[in-house]
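Next up, work16.cif (mmCIF, N, CA and C atoms):
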```cif
data_coords
loop_
_atom_site.label_atom_id
_atom_site.label_comp_id
_atom_site.auth_asym_id
_atom_site.auth_seq_id
_atom_site.Cartn_x
_atom_site.Cartn_y
_atom_site.Cartn_z
N MET S 1 4.75 -37.57 43.10
CA MET S 1 4.20 -36.32 42.60
C MET S 1 2.68 -36.39 42.75
N ALA S 2 2.11 -35.32 43.27
CA ALA S 2 0.66 -35.28 43.48
C ALA S 2 -0.05 -35.14 42.16
N ASN S 3 -1.21 -35.77 42.08
CA ASN S 3 -2.00 -35.71 40.87
C ASN S 3 -2.83 -34.43 40.90
N VAL S 4 -2.47 -33.44 40.06
CA VAL S 4 -3.13 -32.14 40.05
C VAL S 4 -4.11 -32.09 38.89
N ALA S 5 -5.33 -31.68 39.18
CA ALA S 5 -6.34 -31.55 38.12
C ALA S 5 -5.95 -30.38 37.24
N ARG S 6 -5.85 -30.60 35.96
CA ARG S 6 -5.47 -29.55 35.03
C ARG S 6 -6.68 -29.07 34.25
N GLN S 7 -6.70 -27.79 34.05
CA GLN S 7 -7.76 -27.21 33.19
C GLN S 7 -7.32 -27.44 31.75
N PRO S 8 -8.24 -27.73 30.86
CA PRO S 8 -7.87 -27.92 29.47
C PRO S 8 -7.09 -26.71 28.94
N ARG S 9 -6.19 -26.97 28.02
CA ARG S 9 -5.32 -25.94 27.49
C ARG S 9 -6.10 -24.73 26.98
N TRP S 10 -7.24 -24.94 26.36
CA TRP S 10 -8.01 -23.84 25.79
C TRP S 10 -9.07 -23.32 26.74
N GLY S 11 -9.07 -23.79 27.98
CA GLY S 11 -10.04 -23.30 28.96
C GLY S 11 -11.45 -23.73 28.62
N ASN S 12 -12.40 -22.95 29.08
CA ASN S 12 -13.81 -23.24 28.87
C ASN S 12 -14.23 -22.76 27.48
N LEU S 13 -14.58 -23.68 26.60
CA LEU S 13 -14.92 -23.32 25.22
C LEU S 13 -16.29 -22.70 25.08
N SER S 14 -17.16 -22.81 26.10
CA SER S 14 -18.49 -22.24 25.96
C SER S 14 -18.46 -20.72 25.94
N LYS S 15 -17.51 -20.10 26.64
CA LYS S 15 -17.44 -18.64 26.66
C LYS S 15 -17.11 -18.08 25.26
N PRO S 16 -16.08 -18.58 24.57
CA PRO S 16 -15.84 -18.07 23.21
C PRO S 16 -17.02 -18.29 22.27
N LEU S 17 -17.71 -19.41 22.43
CA LEU S 17 -18.87 -19.67 21.57
C LEU S 17 -19.98 -18.66 21.84
N GLU S 18 -20.16 -18.30 23.11
CA GLU S 18 -21.15 -17.27 23.45
C GLU S 18 -20.76 -15.93 22.83
N GLU S 19 -19.46 -15.62 22.86
CA GLU S 19 -18.99 -14.36 22.29
C GLU S 19 -19.21 -14.32 20.78
N VAL S 20 -18.99 -15.45 20.11
CA VAL S 20 -19.23 -15.52 18.67
C VAL S 20 -20.71 -15.32 18.38
N GLU S 21 -21.57 -15.94 19.18
CA GLU S 21 -23.01 -15.75 19.01
C GLU S 21 -23.40 -14.28 19.18
N GLN S 22 -22.82 -13.61 20.18
CA GLN S 22 -23.12 -12.20 20.42
C GLN S 22 -22.68 -11.35 19.23
N LEU S 23 -21.50 -11.65 18.69
CA LEU S 23 -21.03 -10.91 17.52
C LEU S 23 -21.96 -11.12 16.34
N PHE S 24 -22.37 -12.37 16.13
CA PHE S 24 -23.27 -12.66 15.03
C PHE S 24 -24.58 -11.89 15.20
N ASP S 25 -25.13 -11.91 16.41
CA ASP S 25 -26.37 -11.17 16.68
C ASP S 25 -26.18 -9.68 16.46
N GLN S 26 -25.02 -9.18 16.85
CA GLN S 26 -24.73 -7.75 16.71
C GLN S 26 -24.69 -7.35 15.24
N PHE S 27 -24.10 -8.16 14.39
CA PHE S 27 -23.96 -7.80 12.99
C PHE S 27 -25.22 -8.02 12.17
N PHE S 28 -26.07 -8.93 12.60
CA PHE S 28 -27.26 -9.22 11.82
C PHE S 28 -28.53 -8.99 12.63
N ASN S 29 -28.53 -7.93 13.38
CA ASN S 29 -29.65 -7.58 14.24
C ASN S 29 -30.66 -6.74 13.47
N PRO S 30 -31.91 -7.16 13.40
CA PRO S 30 -32.91 -6.40 12.66
C PRO S 30 -33.13 -4.99 13.21
N GLN S 31 -32.81 -4.76 14.48
CA GLN S 31 -32.99 -3.43 15.06
C GLN S 31 -32.01 -2.42 14.47
N THR S 32 -30.92 -2.86 13.88
CA THR S 32 -29.96 -1.93 13.28
C THR S 32 -30.11 -1.88 11.77
N GLY S 33 -31.26 -2.27 11.27
CA GLY S 33 -31.49 -2.22 9.83
C GLY S 33 -30.91 -3.40 9.10
N GLY S 34 -30.70 -4.51 9.80
CA GLY S 34 -30.19 -5.71 9.16
C GLY S 34 -28.72 -5.92 9.36
N SER S 35 -28.02 -4.90 9.81
CA SER S 35 -26.59 -5.05 9.98
C SER S 35 -26.04 -3.97 10.88
N ALA S 36 -25.11 -4.36 11.73
CA ALA S 36 -24.45 -3.38 12.60
C ALA S 36 -23.58 -2.44 11.76
N PHE S 37 -23.19 -2.88 10.56
CA PHE S 37 -22.41 -2.00 9.69
C PHE S 37 -23.18 -0.72 9.40
N ALA S 38 -24.48 -0.84 9.21
CA ALA S 38 -25.30 0.32 8.87
C ALA S 38 -25.32 1.33 10.00
N ALA S 39 -25.20 0.87 11.25
CA ALA S 39 -25.27 1.76 12.40
C ALA S 39 -23.91 2.37 12.74
N ASN S 40 -22.83 1.78 12.26
CA ASN S 40 -21.49 2.24 12.59
C ASN S 40 -20.89 3.05 11.45
N PRO S 41 -20.17 4.11 11.78
CA PRO S 41 -19.52 4.88 10.72
C PRO S 41 -18.40 4.07 10.08
N TRP S 42 -18.01 4.48 8.89
CA TRP S 42 -16.94 3.77 8.21
C TRP S 42 -15.60 4.37 8.60
N ARG S 43 -14.58 3.63 8.38
CA ARG S 43 -13.21 4.08 8.68
C ARG S 43 -12.38 3.90 7.43
N ALA S 44 -11.68 4.94 7.06
CA ALA S 44 -10.86 4.90 5.85
C ALA S 44 -9.42 4.54 6.23
N PRO S 45 -8.94 3.37 5.81
CA PRO S 45 -7.58 2.96 6.16
C PRO S 45 -6.53 3.87 5.52
N LEU S 46 -5.44 4.09 6.25
CA LEU S 46 -4.34 4.94 5.78
C LEU S 46 -3.07 4.14 5.60
N SER S 47 -2.25 4.60 4.67
CA SER S 47 -0.87 4.15 4.54
C SER S 47 0.00 5.40 4.57
N LEU S 48 1.05 5.37 5.36
CA LEU S 48 1.98 6.50 5.47
C LEU S 48 3.37 5.99 5.11
N TRP S 49 4.04 6.68 4.20
CA TRP S 49 5.37 6.26 3.82
C TRP S 49 6.16 7.46 3.32
N GLU S 50 7.44 7.28 3.11
CA GLU S 50 8.27 8.37 2.62
C GLU S 50 9.33 7.85 1.67
N ASP S 51 9.78 8.75 0.82
CA ASP S 51 10.93 8.48 -0.02
C ASP S 51 11.94 9.60 0.26
N GLU S 52 12.94 9.77 -0.58
CA GLU S 52 13.99 10.76 -0.31
C GLU S 52 13.47 12.19 -0.28
N THR S 53 12.45 12.51 -1.09
CA THR S 53 12.04 13.90 -1.23
C THR S 53 10.62 14.21 -0.73
N HIS S 54 9.83 13.17 -0.44
CA HIS S 54 8.43 13.40 -0.07
C HIS S 54 7.94 12.44 1.01
N PHE S 55 6.94 12.90 1.76
CA PHE S 55 6.14 12.03 2.62
C PHE S 55 4.86 11.74 1.83
N HIS S 56 4.30 10.57 2.01
CA HIS S 56 3.10 10.17 1.27
C HIS S 56 2.04 9.67 2.25
N VAL S 57 0.82 10.10 2.02
CA VAL S 57 -0.33 9.63 2.79
C VAL S 57 -1.34 9.10 1.77
N GLU S 58 -1.78 7.88 1.96
CA GLU S 58 -2.78 7.29 1.08
C GLU S 58 -3.97 6.86 1.93
N MET S 59 -5.16 7.25 1.49
CA MET S 59 -6.38 6.93 2.22
C MET S 59 -7.34 6.21 1.28
N GLU S 60 -7.78 5.02 1.67
CA GLU S 60 -8.73 4.27 0.86
C GLU S 60 -10.13 4.84 1.04
N ALA S 61 -10.77 5.14 -0.07
CA ALA S 61 -12.13 5.69 -0.02
C ALA S 61 -12.87 5.30 -1.30
N PRO S 62 -13.13 4.00 -1.47
CA PRO S 62 -13.78 3.55 -2.70
C PRO S 62 -15.13 4.20 -2.92
N GLY S 63 -15.40 4.55 -4.17
CA GLY S 63 -16.69 5.11 -4.54
C GLY S 63 -16.82 6.61 -4.35
N LEU S 64 -15.80 7.24 -3.78
CA LEU S 64 -15.89 8.68 -3.55
C LEU S 64 -15.25 9.46 -4.69
N LYS S 65 -15.74 10.69 -4.87
CA LYS S 65 -15.20 11.61 -5.86
C LYS S 65 -14.46 12.71 -5.11
N LYS S 66 -13.69 13.50 -5.84
CA LYS S 66 -12.86 14.52 -5.19
C LYS S 66 -13.70 15.52 -4.41
N ASP S 67 -14.95 15.74 -4.80
CA ASP S 67 -15.82 16.68 -4.08
C ASP S 67 -16.26 16.14 -2.72
N ASN S 68 -16.02 14.85 -2.45
CA ASN S 68 -16.38 14.26 -1.17
C ASN S 68 -15.30 14.46 -0.10
N PHE S 69 -14.20 15.12 -0.48
CA PHE S 69 -13.06 15.28 0.43
C PHE S 69 -12.84 16.73 0.80
N GLU S 70 -12.25 16.91 1.98
CA GLU S 70 -11.77 18.22 2.42
C GLU S 70 -10.42 17.97 3.10
N LEU S 71 -9.38 18.64 2.62
CA LEU S 71 -8.04 18.47 3.18
C LEU S 71 -7.53 19.81 3.67
N THR S 72 -6.96 19.81 4.87
CA THR S 72 -6.35 21.02 5.41
C THR S 72 -5.08 20.64 6.18
N VAL S 73 -4.18 21.61 6.29
CA VAL S 73 -2.98 21.46 7.12
C VAL S 73 -2.94 22.64 8.06
N GLU S 74 -2.81 22.33 9.35
CA GLU S 74 -2.70 23.39 10.35
C GLU S 74 -1.80 22.90 11.47
N LYS S 75 -0.79 23.71 11.79
CA LYS S 75 0.14 23.38 12.88
C LYS S 75 0.72 21.97 12.74
N ASN S 76 1.19 21.66 11.55
CA ASN S 76 1.81 20.36 11.25
C ASN S 76 0.88 19.15 11.42
N VAL S 77 -0.42 19.38 11.26
CA VAL S 77 -1.38 18.28 11.29
C VAL S 77 -2.16 18.30 9.98
N LEU S 78 -2.10 17.18 9.26
CA LEU S 78 -2.88 17.01 8.05
C LEU S 78 -4.24 16.46 8.47
N HIS S 79 -5.30 17.18 8.10
CA HIS S 79 -6.66 16.79 8.48
C HIS S 79 -7.37 16.35 7.20
N LEU S 80 -7.74 15.07 7.15
CA LEU S 80 -8.43 14.51 6.00
C LEU S 80 -9.87 14.22 6.40
N VAL S 81 -10.81 14.76 5.64
CA VAL S 81 -12.24 14.54 5.90
C VAL S 81 -12.86 14.00 4.62
N ALA S 82 -13.65 12.95 4.75
CA ALA S 82 -14.37 12.40 3.60
C ALA S 82 -15.79 12.07 4.05
N GLU S 83 -16.71 12.16 3.10
CA GLU S 83 -18.09 11.85 3.43
C GLU S 83 -18.70 10.98 2.34
N ARG S 84 -19.30 9.89 2.79
CA ARG S 84 -20.01 8.98 1.88
C ARG S 84 -21.49 9.04 2.24
N LYS S 85 -22.30 9.43 1.26
CA LYS S 85 -23.74 9.52 1.49
C LYS S 85 -24.43 8.34 0.82
N LYS S 86 -25.58 7.97 1.39
CA LYS S 86 -26.37 6.92 0.76
C LYS S 86 -26.85 7.42 -0.59
N THR S 87 -26.83 6.54 -1.58
CA THR S 87 -27.21 6.94 -2.93
C THR S 87 -28.70 7.13 -3.09
N ASP S 88 -29.49 6.37 -2.35
CA ASP S 88 -30.94 6.45 -2.51
C ASP S 88 -31.61 6.19 -1.16
N GLU S 89 -32.11 7.24 -0.55
CA GLU S 89 -32.75 7.12 0.76
C GLU S 89 -34.11 6.42 0.70
N THR S 90 -34.67 6.24 -0.50
CA THR S 90 -36.00 5.64 -0.62
C THR S 90 -35.94 4.11 -0.64
N ARG S 91 -34.75 3.55 -0.75
CA ARG S 91 -34.65 2.09 -0.77
C ARG S 91 -35.05 1.50 0.57
N ASN S 92 -35.69 0.35 0.53
CA ASN S 92 -36.06 -0.36 1.73
C ASN S 92 -35.09 -1.53 1.90
N TYR S 93 -33.94 -1.26 2.51
CA TYR S 93 -32.89 -2.27 2.66
C TYR S 93 -33.34 -3.37 3.61
N TRP S 94 -33.04 -4.59 3.28
CA TRP S 94 -33.20 -5.69 4.21
C TRP S 94 -31.83 -6.13 4.69
N HIS S 95 -30.76 -5.69 4.00
CA HIS S 95 -29.39 -5.94 4.44
C HIS S 95 -28.49 -4.96 3.69
N ASP S 96 -27.62 -4.27 4.41
CA ASP S 96 -26.70 -3.31 3.78
C ASP S 96 -25.43 -3.26 4.60
N GLU S 97 -24.34 -3.76 4.04
CA GLU S 97 -23.05 -3.78 4.73
C GLU S 97 -22.19 -2.57 4.41
N ARG S 98 -22.61 -1.75 3.48
CA ARG S 98 -21.83 -0.55 3.17
C ARG S 98 -21.98 0.46 4.30
N ARG S 99 -20.92 1.19 4.54
CA ARG S 99 -20.94 2.19 5.60
C ARG S 99 -21.00 3.57 5.01
N TYR S 100 -21.69 4.45 5.73
CA TYR S 100 -21.92 5.81 5.25
C TYR S 100 -21.57 6.81 6.35
N GLY S 101 -21.50 8.05 5.94
CA GLY S 101 -21.27 9.10 6.91
C GLY S 101 -19.94 9.79 6.68
N ARG S 102 -19.52 10.50 7.69
CA ARG S 102 -18.32 11.33 7.63
C ARG S 102 -17.19 10.63 8.38
N VAL S 103 -16.02 10.63 7.78
CA VAL S 103 -14.85 10.08 8.44
C VAL S 103 -13.79 11.17 8.48
N GLU S 104 -13.11 11.28 9.61
CA GLU S 104 -12.05 12.26 9.78
C GLU S 104 -10.80 11.54 10.26
N ARG S 105 -9.70 11.83 9.61
CA ARG S 105 -8.40 11.27 10.01
C ARG S 105 -7.43 12.42 10.16
N LYS S 106 -6.61 12.37 11.19
CA LYS S 106 -5.59 13.40 11.43
C LYS S 106 -4.24 12.72 11.48
N VAL S 107 -3.29 13.32 10.76
CA VAL S 107 -1.94 12.79 10.70
C VAL S 107 -0.99 13.89 11.15
N THR S 108 -0.26 13.65 12.22
CA THR S 108 0.75 14.60 12.67
C THR S 108 1.96 14.45 11.76
N LEU S 109 2.34 15.55 11.14
CA LEU S 109 3.41 15.53 10.16
C LEU S 109 4.76 15.84 10.82
N PRO S 110 5.82 15.31 10.26
CA PRO S 110 7.15 15.66 10.77
C PRO S 110 7.44 17.15 10.56
N GLU S 111 8.33 17.69 11.36
CA GLU S 111 8.71 19.10 11.24
C GLU S 111 9.36 19.40 9.89
N THR S 112 9.81 18.36 9.20
CA THR S 112 10.53 18.55 7.94
C THR S 112 9.63 18.66 6.72
N VAL S 113 8.29 18.70 6.92
CA VAL S 113 7.35 18.85 5.80
C VAL S 113 7.30 20.30 5.36
N ASN S 114 7.32 20.50 4.05
CA ASN S 114 7.15 21.83 3.47
C ASN S 114 5.66 22.01 3.22
N ALA S 115 4.98 22.70 4.13
CA ALA S 115 3.51 22.86 4.06
C ALA S 115 3.07 23.66 2.84
N ASP S 116 4.00 24.32 2.16
CA ASP S 116 3.65 25.08 0.96
C ASP S 116 3.71 24.24 -0.30
N ASP S 117 4.11 22.99 -0.19
CA ASP S 117 4.24 22.12 -1.36
C ASP S 117 3.55 20.79 -1.10
N ILE S 118 2.22 20.81 -1.20
CA ILE S 118 1.41 19.61 -0.97
C ILE S 118 0.52 19.39 -2.18
N GLN S 119 0.47 18.16 -2.66
CA GLN S 119 -0.37 17.82 -3.81
C GLN S 119 -1.27 16.65 -3.41
N ALA S 120 -2.49 16.65 -3.94
CA ALA S 120 -3.42 15.55 -3.67
C ALA S 120 -4.05 15.09 -4.98
N GLU S 121 -4.24 13.78 -5.06
CA GLU S 121 -4.78 13.18 -6.29
C GLU S 121 -5.62 11.97 -5.89
N LEU S 122 -6.75 11.80 -6.56
CA LEU S 122 -7.64 10.67 -6.30
C LEU S 122 -7.57 9.72 -7.49
N ILE S 123 -7.09 8.50 -7.25
CA ILE S 123 -6.95 7.51 -8.31
C ILE S 123 -7.57 6.20 -7.85
N ASP S 124 -8.57 5.73 -8.59
CA ASP S 124 -9.20 4.42 -8.32
C ASP S 124 -9.63 4.25 -6.86
N GLY S 125 -10.22 5.27 -6.27
CA GLY S 125 -10.73 5.18 -4.91
C GLY S 125 -9.68 5.31 -3.82
N VAL S 126 -8.48 5.72 -4.18
CA VAL S 126 -7.42 5.94 -3.19
C VAL S 126 -6.95 7.38 -3.32
N LEU S 127 -7.05 8.12 -2.21
CA LEU S 127 -6.57 9.50 -2.18
C LEU S 127 -5.08 9.47 -1.88
N HIS S 128 -4.28 10.07 -2.76
CA HIS S 128 -2.83 10.14 -2.59
C HIS S 128 -2.46 11.58 -2.25
N VAL S 129 -1.85 11.78 -1.10
CA VAL S 129 -1.39 13.11 -0.69
C VAL S 129 0.13 13.05 -0.65
N LYS S 130 0.75 13.95 -1.40
CA LYS S 130 2.21 13.98 -1.52
C LYS S 130 2.71 15.27 -0.89
N LEU S 131 3.50 15.15 0.15
CA LEU S 131 3.98 16.29 0.91
C LEU S 131 5.50 16.40 0.75
N ALA S 132 5.96 17.50 0.19
CA ALA S 132 7.39 17.67 -0.05
C ALA S 132 8.13 17.87 1.27
N LYS S 133 9.35 17.35 1.31
CA LYS S 133 10.23 17.61 2.44
C LYS S 133 10.91 18.95 2.21
N LYS S 134 11.24 19.63 3.28
CA LYS S 134 11.95 20.90 3.17
C LYS S 134 13.28 20.65 2.46
N PRO S 135 13.68 21.58 1.59
CA PRO S 135 14.90 21.37 0.81
C PRO S 135 16.13 21.06 1.67
N GLU S 136 16.23 21.66 2.84
CA GLU S 136 17.42 21.46 3.67
C GLU S 136 17.54 20.06 4.24
N VAL S 137 16.45 19.27 4.21
CA VAL S 137 16.53 17.90 4.73
C VAL S 137 16.58 16.86 3.62
N GLN S 138 16.46 17.31 2.38
CA GLN S 138 16.52 16.37 1.26
C GLN S 138 17.97 16.02 0.99
N PRO S 139 18.20 14.79 0.58
CA PRO S 139 19.57 14.40 0.25
C PRO S 139 20.11 15.27 -0.88
N LYS S 140 21.35 15.60 -0.77
CA LYS S 140 21.96 16.44 -1.80
C LYS S 140 23.03 15.62 -2.51
N ARG S 141 22.91 15.53 -3.82
CA ARG S 141 23.86 14.78 -4.60
C ARG S 141 25.07 15.68 -4.88
N ILE S 142 26.23 15.13 -4.66
CA ILE S 142 27.47 15.89 -4.88
C ILE S 142 28.09 15.39 -6.18
N VAL S 143 28.33 16.31 -7.06
CA VAL S 143 28.94 15.98 -8.35
C VAL S 143 30.46 15.92 -8.16
N ILE S 144 31.05 14.86 -8.68
CA ILE S 144 32.49 14.71 -8.59
C ILE S 144 33.08 15.17 -9.92
N ASN S 145 33.94 16.16 -9.83
CA ASN S 145 34.61 16.68 -11.02
C ASN S 145 35.87 15.88 -11.29
N SER S 146 36.18 15.79 -12.54
CA SER S 146 37.38 15.08 -12.94
C SER S 146 38.56 16.04 -12.88
N GLY S 147 39.66 15.59 -12.34
CA GLY S 147 40.87 16.44 -12.24
C GLY S 147 41.66 16.43 -13.54
N GLU S 148 41.16 15.84 -14.54
CA GLU S 148 41.90 15.73 -15.80
C GLU S 148 41.61 16.86 -16.73
#
```
Target format C-alpha cells, applied to this file:
Amino acid sequence: MANVARQPRWGNLSKPLEEVEQLFDQFFNPQTGGSAFAANPWRAPLSLWEDETHFHVEMEAPGLKKDNFELTVEKNVLHLVAERKKTDETRNYWHDERRYGRVERKVTLPETVNADDIQAELIDGVLHVKLAKKPEVQPKRIVINSGE
C-alpha cells in the first residue's frame, strides 16, 4: 500500500482562528460604538404552537410595553411590529450590547384561523397572541346517552 500524505482531520487550524479574530473585531469595534450589536437591529424570537382550539404566537420582547407594538392581520398573515428606543440619547456609551430599533415579523396563518377572534396579551416581556380556530375545524365532543 502506498504511503499517502494525509491532511489532519481538522484541516488547517489557522483559518478558523482568523475567523474568530474577525468576529471578535466585529463585535468590539470602536467604529460601531463599542459593539456590533449597537449597529445591528434586534430580532425578536418567536414560538408558534397550537392546541385543540387555538393557534398561539409568542414573541420575546423584554423591556417593551404594549404601546411599543402594532399587530395586524391581512390576507392570513399576522404582522407583528415592535420598536425599542434608546432610553437616553445623551449617554456617552463606551459599550452597549442592547439592540434598538424596529423589528417586524410576519407569520403566515393556516386557513383554519378565525381572523375575527384574536387576542393579544403582554406578560413579563413576552407577547402572547391567541388565534381561535374556525369552529368547523375544532374537535367536537360527542355525548354518549345512556339507553337505560
If you measure from CA of Lys85 (chain S) to CA of Lys65 (chain S), what distance in Å do you get, rounded to one decimal?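 Between CA of Lys85 (chain S) and CA of Lys65 (chain S) the gap is 11.5 Å.
Computed from the coordinates, the CA of Leu127 (chain S) to atom C of Met59 (chain S) distance equals 4.8 Å.
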re CA of Leu48 (chain S) and CA of Lys86 (chain S): distance 28.7 Å
List the residues sitting within 10 Å of (0.6, 15.9, 2.8) in the file's frame, using only C-alpha atoms, as an NGL selection string. :S and (48 or 54-58 or 71-73 or 76-80 or 107-109 or 113-120 or 128-133)
What do you get, as JSON, numbers by chain, if you spell out every residue that the PyMOL selection byres ((chain S and resi 101) around 5) selects here? {"S": [83, 84, 85, 99, 100, 102, 103]}
Between S:Thr112, S:Glu148, S:His95, S:Leu64, which has the minimum distance to Glu50 (chain S) (counting only C-alpha atoms)? S:Thr112
Picked from region 35-81 of chain S by DSSP as strand (DSSP E or B), as number ranges by chain: S: 46-50, 54-60, 69-74, 77-81
Apply the PyMOL selection byres ((chain S and resi 62) around 6.5) to the structure shown and report the selected residues as a PyMOL selection string. chain S and resi 60-61+63-64+124-126
Those residues you just picked out, can you put them in a file as a compact mmCIF listing (two decimals), in the coordinates of the input with N, CA and C atoms?
```txt
# COMPACT_ATOMS: atom_id res chain seq x y z
N GLU S 60 -7.78 5.02 1.67
CA GLU S 60 -8.73 4.27 0.86
C GLU S 60 -10.13 4.84 1.04
N ALA S 61 -10.77 5.14 -0.07
CA ALA S 61 -12.13 5.69 -0.02
C ALA S 61 -12.87 5.30 -1.30
N GLY S 63 -15.40 4.55 -4.17
CA GLY S 63 -16.69 5.11 -4.54
C GLY S 63 -16.82 6.61 -4.35
N LEU S 64 -15.80 7.24 -3.78
CA LEU S 64 -15.89 8.68 -3.55
C LEU S 64 -15.25 9.46 -4.69
N ASP S 124 -8.57 5.73 -8.59
CA ASP S 124 -9.20 4.42 -8.32
C ASP S 124 -9.63 4.25 -6.86
N GLY S 125 -10.22 5.27 -6.27
CA GLY S 125 -10.73 5.18 -4.91
C GLY S 125 -9.68 5.31 -3.82
N VAL S 126 -8.48 5.72 -4.18
CA VAL S 126 -7.42 5.94 -3.19
C VAL S 126 -6.95 7.38 -3.32
```
